[in-house]
Amino acid sequence: KIYHDDDADVDIVRSKTVAFIGYGNQGRAQALNLRDSEVNNIIIGNIDDDYAKQAQEDGFTPVSIEEAVRQGDILMLLIPDEDQQTVWNEKIRNNIKPNTTLVVASGYNVAFNLLDLPDDMDVVMVAPRMIGAGVRDRYVQNIPYPCFVSVEKDVSGTALATCLSIACAIGATRGNGAVSSSCREEAGIDLFAEQALWPEIMAIFREGYNVLHEAGFSDEAILFDMYLSKEPAEIFERAADEGFVKQLKYHSRTSQYGQLSTMNRHDGKDIREKFRRVLNDNILSGNFAKKMVKYKMGC
Ligand code: NAI
């Protein structure tokens, strides 16, 4: 399902106190967007660092994370995923007001049950598929950007309305709208890209280089041809706009023939099996999340 501006009531978030836990890439962009959407009760909770200074320069009065949590009806959890569990346990959990809504911008900690959630807490995800600077620039320029939304826990019965209200106020329901997803789906796809797709792509480039290098070709020529020219970036951009196959029209006949005839010889079974193992055994089973917790604890 896709949600548009018409599905949202921004007055819901305007009537609440919104506490930002973190004022980094997403925190700053989303807080500024909310403020420009006439959400007047915004509190920035931040540790004493350069991000807090930035918040001050932007006209906010940052307070401690604990204090922000004590005041917030809506908690925007926008610190790095790997720090969320510790900060939750040490600074957030014991200061949460009754009937609060937690908003996450990534599914990881909710999907793998790393946060000890109060029974009366609603949990939603508003996850822009866009870097923070892009979330801010596009809001100011009135340009849409992709975003996933989901309701993970709906104790009040109004979690979806709150979720869409926030998504709309940060500019995420404009244009093509915000796409319904889930923390599990968002985290699963993200981790899969990080642990299956991109490592494989990097290994392919590395082995491509090794074979060409062994054949005596110069490093400069190999690397320019492989990616320093930024041709792959161009190809990916065209693929996003027009599709992987349709962008082949920009390549020569020789290139098209070479790419398609070779690709069709791959049945993909080996790689599909490998990818399934990464997704099922490592990611969706929660094994990776457990390993990360141990890694963070230094075990
Ligand atoms: P960031 O790295 O910019 O976070 C910096 C903020 O976290 C600062 O306010 C800093 O004071 C605070 N912080 C860092 N370590 C801390 C600690 N140990 N204790 C307390 N505060 C700490 O984070 P970013 O990139 O904005 O990510 C926030 C959330 O948004 C994450 O869940 C991330 O997955 C999600 N997200 C990020 C996107 C991006 O493009 N950066 C895109 C979409 C979602």
# chains A, B, ... in the order shown; residues from 1 in each chain; ligands from 1
$ residues_near_ligand --ligand "ligand 1" --cutoff "6 Å" --atoms "only C-alpha atoms and all ligand atoms" --output "ChimeraX atom specification"
/A:22-27,46-47,51,78-81,83,87,105-106,127-132
$ write_last_selection --atoms "C-alpha atoms" --output "PDB file, in the first residue's frame"
ATOM      1  CA  GLY A  22      19.893  12.345  18.080  1.00  0.00           C
ATOM      2  CA  TYR A  23      20.523  15.300  15.795  1.00  0.00           C
ATOM      3  CA  GLY A  24      22.708  13.731  13.109  1.00  0.00           C
ATOM      4  CA  ASN A  25      22.019  13.045   9.430  1.00  0.00           C
ATOM      5  CA  GLN A  26      18.375  12.110   9.874  1.00  0.00           C
ATOM      6  CA  GLY A  27      17.724  13.873  13.202  1.00  0.00           C
ATOM      7  CA  ASN A  46      21.576  14.897  22.547  1.00  0.00           C
ATOM      8  CA  ILE A  47      24.843  14.111  24.259  1.00  0.00           C
ATOM      9  CA  TYR A  51      25.691  17.647  16.958  1.00  0.00           C
ATOM     10  CA  LEU A  78      17.734   8.786  15.395  1.00  0.00           C
ATOM     11  CA  ILE A  79      21.119   7.695  16.681  1.00  0.00           C
ATOM     12  CA  PRO A  80      23.267   5.015  14.967  1.00  0.00           C
ATOM     13  CA  ASP A  81      21.613   1.581  14.935  1.00  0.00           C
ATOM     14  CA  ASP A  83      24.233   2.312  19.679  1.00  0.00           C
ATOM     15  CA  VAL A  87      21.394   4.087  24.891  1.00  0.00           C
ATOM     16  CA  ALA A 105      14.004   5.285  10.813  1.00  0.00           C
ATOM     17  CA  SER A 106      15.422   1.815  10.302  1.00  0.00           C
ATOM     18  CA  ALA A 127      12.296   5.239   7.124  1.00  0.00           C
ATOM     19  CA  PRO A 128      13.345   7.651   4.388  1.00  0.00           C
ATOM     20  CA  ARG A 129      15.264   5.896   1.599  1.00  0.00           C
ATOM     21  CA  MET A 130      17.388   8.993   1.373  1.00  0.00           C
ATOM     22  CA  ILE A 131      20.380  10.522   3.161  1.00  0.00           C
ATOM     23  CA  GLY A 132      19.535  13.211   5.711  1.00  0.00           C
TER      24      GLY A 132
END
$ select_by_dssp --residues "range 17-193 of chain A" --states "strand (DSSP E or B)" --output "VMD selection string"
chain A and resid 18 to 21 42 to 45 63 74 to 77 101 to 104 122 to 128 147 to 153 178 to 180
$ closest_atom_pairs --of "range 168-270 of chain A" --to "range 134-152 of chain A" --cutoff "6 Å" --atoms "only C-alpha atoms" --output "Markdown table"
| residue | atom | partner | partner_atom | distance |
| --- | --- | --- | --- | --- |
| A:Gly171 | CA | A:Tyr139 | CA | 5.5 |
| A:Ala172 | CA | A:Cys147 | CA | 5.9 |
| A:Arg174 | CA | A:Pro144 | CA | 5.2 |
| A:Gly175 | CA | A:Pro144 | CA | 5.3 |
| A:Ala178 | CA | A:Cys147 | CA | 5.0 |
| A:Val179 | CA | A:Phe148 | CA | 4.8 |
| A:Ser180 | CA | A:Val149 | CA | 5.0 |
| A:Ser181 | CA | A:Ser150 | CA | 5.4 |
| A:Ser182 | CA | A:Ser150 | CA | 5.1 |
$ residues_around --residues "range 33-39 of chain A" --least-positions-apart "3" --cutoff "6 Å" --atoms "only C-alpha atoms" --output "number ranges by chain"
A: 14, 30, 169-170
$ write_last_selection --atoms "C-alpha atoms" --output "mmCIF file, in the first residue's frame"
data_model
loop_
_atom_site.group_PDB
_atom_site.id
_atom_site.type_symbol
_atom_site.label_atom_id
_atom_site.label_comp_id
_atom_site.auth_asym_id
_atom_site.auth_seq_id
_atom_site.Cartn_x
_atom_site.Cartn_y
_atom_site.Cartn_z
ATOM 1 C CA ARG A 14 1.375 19.323 15.744
ATOM 2 C CA GLN A 30 13.663 15.582 10.157
ATOM 3 C CA ALA A 169 5.304 16.471 8.148
ATOM 4 C CA ILE A 170 8.815 15.445 7.031
#
$ select_by_dssp --residues "range 47-146 of chain A" --states "helix (DSSP H, G or I)" --output "MDAnalysis selection string"
chainID A and resid 50:57 65:71 81:95 108:111 132:141
$ decode --residues "range 156-191 of chain A" --atoms "N, CA and C atoms" --output "PDB file, in the first residue's frame"
ATOM      1  N   SER A 156      -2.574   1.887  21.034  1.00  0.00           N
ATOM      2  CA  SER A 156      -3.576   2.959  21.118  1.00  0.00           C
ATOM      3  C   SER A 156      -4.677   2.814  20.083  1.00  0.00           C
ATOM      4  N   GLY A 157      -4.395   2.091  19.002  1.00  0.00           N
ATOM      5  CA  GLY A 157      -5.344   2.034  17.893  1.00  0.00           C
ATOM      6  C   GLY A 157      -5.180   3.207  16.932  1.00  0.00           C
ATOM      7  N   THR A 158      -4.237   4.114  17.247  1.00  0.00           N
ATOM      8  CA  THR A 158      -4.042   5.298  16.386  1.00  0.00           C
ATOM      9  C   THR A 158      -2.615   5.371  15.823  1.00  0.00           C
ATOM     10  N   ALA A 159      -1.893   4.263  15.901  1.00  0.00           N
ATOM     11  CA  ALA A 159      -0.480   4.295  15.515  1.00  0.00           C
ATOM     12  C   ALA A 159      -0.290   4.657  14.036  1.00  0.00           C
ATOM     13  N   LEU A 160      -1.159   4.127  13.176  1.00  0.00           N
ATOM     14  CA  LEU A 160      -1.008   4.426  11.745  1.00  0.00           C
ATOM     15  C   LEU A 160      -1.210   5.916  11.487  1.00  0.00           C
ATOM     16  N   ALA A 161      -2.209   6.494  12.125  1.00  0.00           N
ATOM     17  CA  ALA A 161      -2.476   7.930  11.929  1.00  0.00           C
ATOM     18  C   ALA A 161      -1.270   8.757  12.381  1.00  0.00           C
ATOM     19  N   THR A 162      -0.670   8.378  13.515  1.00  0.00           N
ATOM     20  CA  THR A 162       0.506   9.105  14.006  1.00  0.00           C
ATOM     21  C   THR A 162       1.667   8.932  13.031  1.00  0.00           C
ATOM     22  N   CYS A 163       1.856   7.707  12.584  1.00  0.00           N
ATOM     23  CA  CYS A 163       2.947   7.398  11.654  1.00  0.00           C
ATOM     24  C   CYS A 163       2.825   8.247  10.380  1.00  0.00           C
ATOM     25  N   LEU A 164       1.627   8.287   9.800  1.00  0.00           N
ATOM     26  CA  LEU A 164       1.428   9.032   8.549  1.00  0.00           C
ATOM     27  C   LEU A 164       1.540  10.540   8.779  1.00  0.00           C
ATOM     28  N   SER A 165       1.117  10.983   9.969  1.00  0.00           N
ATOM     29  CA  SER A 165       1.221  12.399  10.298  1.00  0.00           C
ATOM     30  C   SER A 165       2.689  12.833  10.291  1.00  0.00           C
ATOM     31  N   ILE A 166       3.544  12.007  10.904  1.00  0.00           N
ATOM     32  CA  ILE A 166       4.983  12.317  10.932  1.00  0.00           C
ATOM     33  C   ILE A 166       5.570  12.233   9.522  1.00  0.00           C
ATOM     34  N   ALA A 167       5.209  11.164   8.808  1.00  0.00           N
ATOM     35  CA  ALA A 167       5.751  10.991   7.457  1.00  0.00           C
ATOM     36  C   ALA A 167       5.396  12.205   6.593  1.00  0.00           C
ATOM     37  N   CYS A 168       4.163  12.669   6.713  1.00  0.00           N
ATOM     38  CA  CYS A 168       3.725  13.815   5.924  1.00  0.00           C
ATOM     39  C   CYS A 168       4.487  15.076   6.338  1.00  0.00           C
ATOM     40  N   ALA A 169       4.649  15.256   7.658  1.00  0.00           N
ATOM     41  CA  ALA A 169       5.304  16.471   8.148  1.00  0.00           C
ATOM     42  C   ALA A 169       6.784  16.524   7.769  1.00  0.00           C
ATOM     43  N   ILE A 170       7.414  15.383   7.499  1.00  0.00           N
ATOM     44  CA  ILE A 170       8.815  15.445   7.031  1.00  0.00           C
ATOM     45  C   ILE A 170       8.886  15.410   5.496  1.00  0.00           C
ATOM     46  N   GLY A 171       7.738  15.443   4.844  1.00  0.00           N
ATOM     47  CA  GLY A 171       7.714  15.520   3.377  1.00  0.00           C
ATOM     48  C   GLY A 171       7.787  14.174   2.680  1.00  0.00           C
ATOM     49  N   ALA A 172       7.528  13.090   3.411  1.00  0.00           N
ATOM     50  CA  ALA A 172       7.746  11.752   2.844  1.00  0.00           C
ATOM     51  C   ALA A 172       6.520  11.165   2.150  1.00  0.00           C
ATOM     52  N   THR A 173       5.377  11.856   2.236  1.00  0.00           N
ATOM     53  CA  THR A 173       4.173  11.307   1.575  1.00  0.00           C
ATOM     54  C   THR A 173       3.845  12.074   0.284  1.00  0.00           C
ATOM     55  N   ARG A 174       4.761  12.956  -0.096  1.00  0.00           N
ATOM     56  CA  ARG A 174       4.522  13.734  -1.330  1.00  0.00           C
ATOM     57  C   ARG A 174       4.684  12.857  -2.570  1.00  0.00           C
ATOM     58  N   GLY A 175       4.197  13.358  -3.669  1.00  0.00           N
ATOM     59  CA  GLY A 175       4.448  12.711  -4.967  1.00  0.00           C
ATOM     60  C   GLY A 175       3.982  11.278  -4.998  1.00  0.00           C
ATOM     61  N   ASN A 176       4.927  10.361  -5.247  1.00  0.00           N
ATOM     62  CA  ASN A 176       4.557   8.945  -5.355  1.00  0.00           C
ATOM     63  C   ASN A 176       4.149   8.336  -4.018  1.00  0.00           C
ATOM     64  N   GLY A 177       4.425   9.045  -2.917  1.00  0.00           N
ATOM     65  CA  GLY A 177       3.942   8.600  -1.614  1.00  0.00           C
ATOM     66  C   GLY A 177       4.905   7.706  -0.857  1.00  0.00           C
ATOM     67  N   ALA A 178       4.505   7.374   0.383  1.00  0.00           N
ATOM     68  CA  ALA A 178       5.320   6.518   1.253  1.00  0.00           C
ATOM     69  C   ALA A 178       4.806   5.074   1.128  1.00  0.00           C
ATOM     70  N   VAL A 179       5.733   4.141   1.067  1.00  0.00           N
ATOM     71  CA  VAL A 179       5.387   2.745   0.791  1.00  0.00           C
ATOM     72  C   VAL A 179       5.276   1.958   2.093  1.00  0.00           C
ATOM     73  N   SER A 180       4.182   1.210   2.217  1.00  0.00           N
ATOM     74  CA  SER A 180       3.987   0.381   3.398  1.00  0.00           C
ATOM     75  C   SER A 180       4.994  -0.764   3.412  1.00  0.00           C
ATOM     76  N   SER A 181       5.705  -0.928   4.522  1.00  0.00           N
ATOM     77  CA  SER A 181       6.700  -2.010   4.630  1.00  0.00           C
ATOM     78  C   SER A 181       6.638  -2.544   6.059  1.00  0.00           C
ATOM     79  N   SER A 182       7.733  -3.057   6.553  1.00  0.00           N
ATOM     80  CA  SER A 182       7.792  -3.479   7.960  1.00  0.00           C
ATOM     81  C   SER A 182       9.245  -3.403   8.395  1.00  0.00           C
ATOM     82  N   CYS A 183       9.464  -3.395   9.711  1.00  0.00           N
ATOM     83  CA  CYS A 183      10.839  -3.362  10.213  1.00  0.00           C
ATOM     84  C   CYS A 183      11.594  -4.596   9.727  1.00  0.00           C
ATOM     85  N   ARG A 184      10.919  -5.763   9.725  1.00  0.00           N
ATOM     86  CA  ARG A 184      11.576  -6.999   9.306  1.00  0.00           C
ATOM     87  C   ARG A 184      12.004  -6.903   7.842  1.00  0.00           C
ATOM     88  N   GLU A 185      11.082  -6.387   7.016  1.00  0.00           N
ATOM     89  CA  GLU A 185      11.382  -6.285   5.582  1.00  0.00           C
ATOM     90  C   GLU A 185      12.511  -5.277   5.343  1.00  0.00           C
ATOM     91  N   GLU A 186      12.396  -4.115   5.978  1.00  0.00           N
ATOM     92  CA  GLU A 186      13.398  -3.063   5.770  1.00  0.00           C
ATOM     93  C   GLU A 186      14.770  -3.545   6.215  1.00  0.00           C
ATOM     94  N   ALA A 187      14.816  -4.125   7.429  1.00  0.00           N
ATOM     95  CA  ALA A 187      16.109  -4.586   7.947  1.00  0.00           C
ATOM     96  C   ALA A 187      16.630  -5.762   7.121  1.00  0.00           C
ATOM     97  N   GLY A 188      15.721  -6.668   6.745  1.00  0.00           N
ATOM     98  CA  GLY A 188      16.129  -7.855   5.974  1.00  0.00           C
ATOM     99  C   GLY A 188      16.763  -7.462   4.651  1.00  0.00           C
ATOM    100  N   ILE A 189      16.121  -6.541   3.933  1.00  0.00           N
ATOM    101  CA  ILE A 189      16.648  -6.147   2.620  1.00  0.00           C
ATOM    102  C   ILE A 189      17.957  -5.381   2.783  1.00  0.00           C
ATOM    103  N   ASP A 190      17.998  -4.505   3.771  1.00  0.00           N
ATOM    104  CA  ASP A 190      19.200  -3.705   4.018  1.00  0.00           C
ATOM    105  C   ASP A 190      20.403  -4.595   4.351  1.00  0.00           C
ATOM    106  N   LEU A 191      20.185  -5.524   5.296  1.00  0.00           N
ATOM    107  CA  LEU A 191      21.285  -6.411   5.699  1.00  0.00           C
ATOM    108  C   LEU A 191      21.682  -7.333   4.550  1.00  0.00           C
TER     109      LEU A 191
END
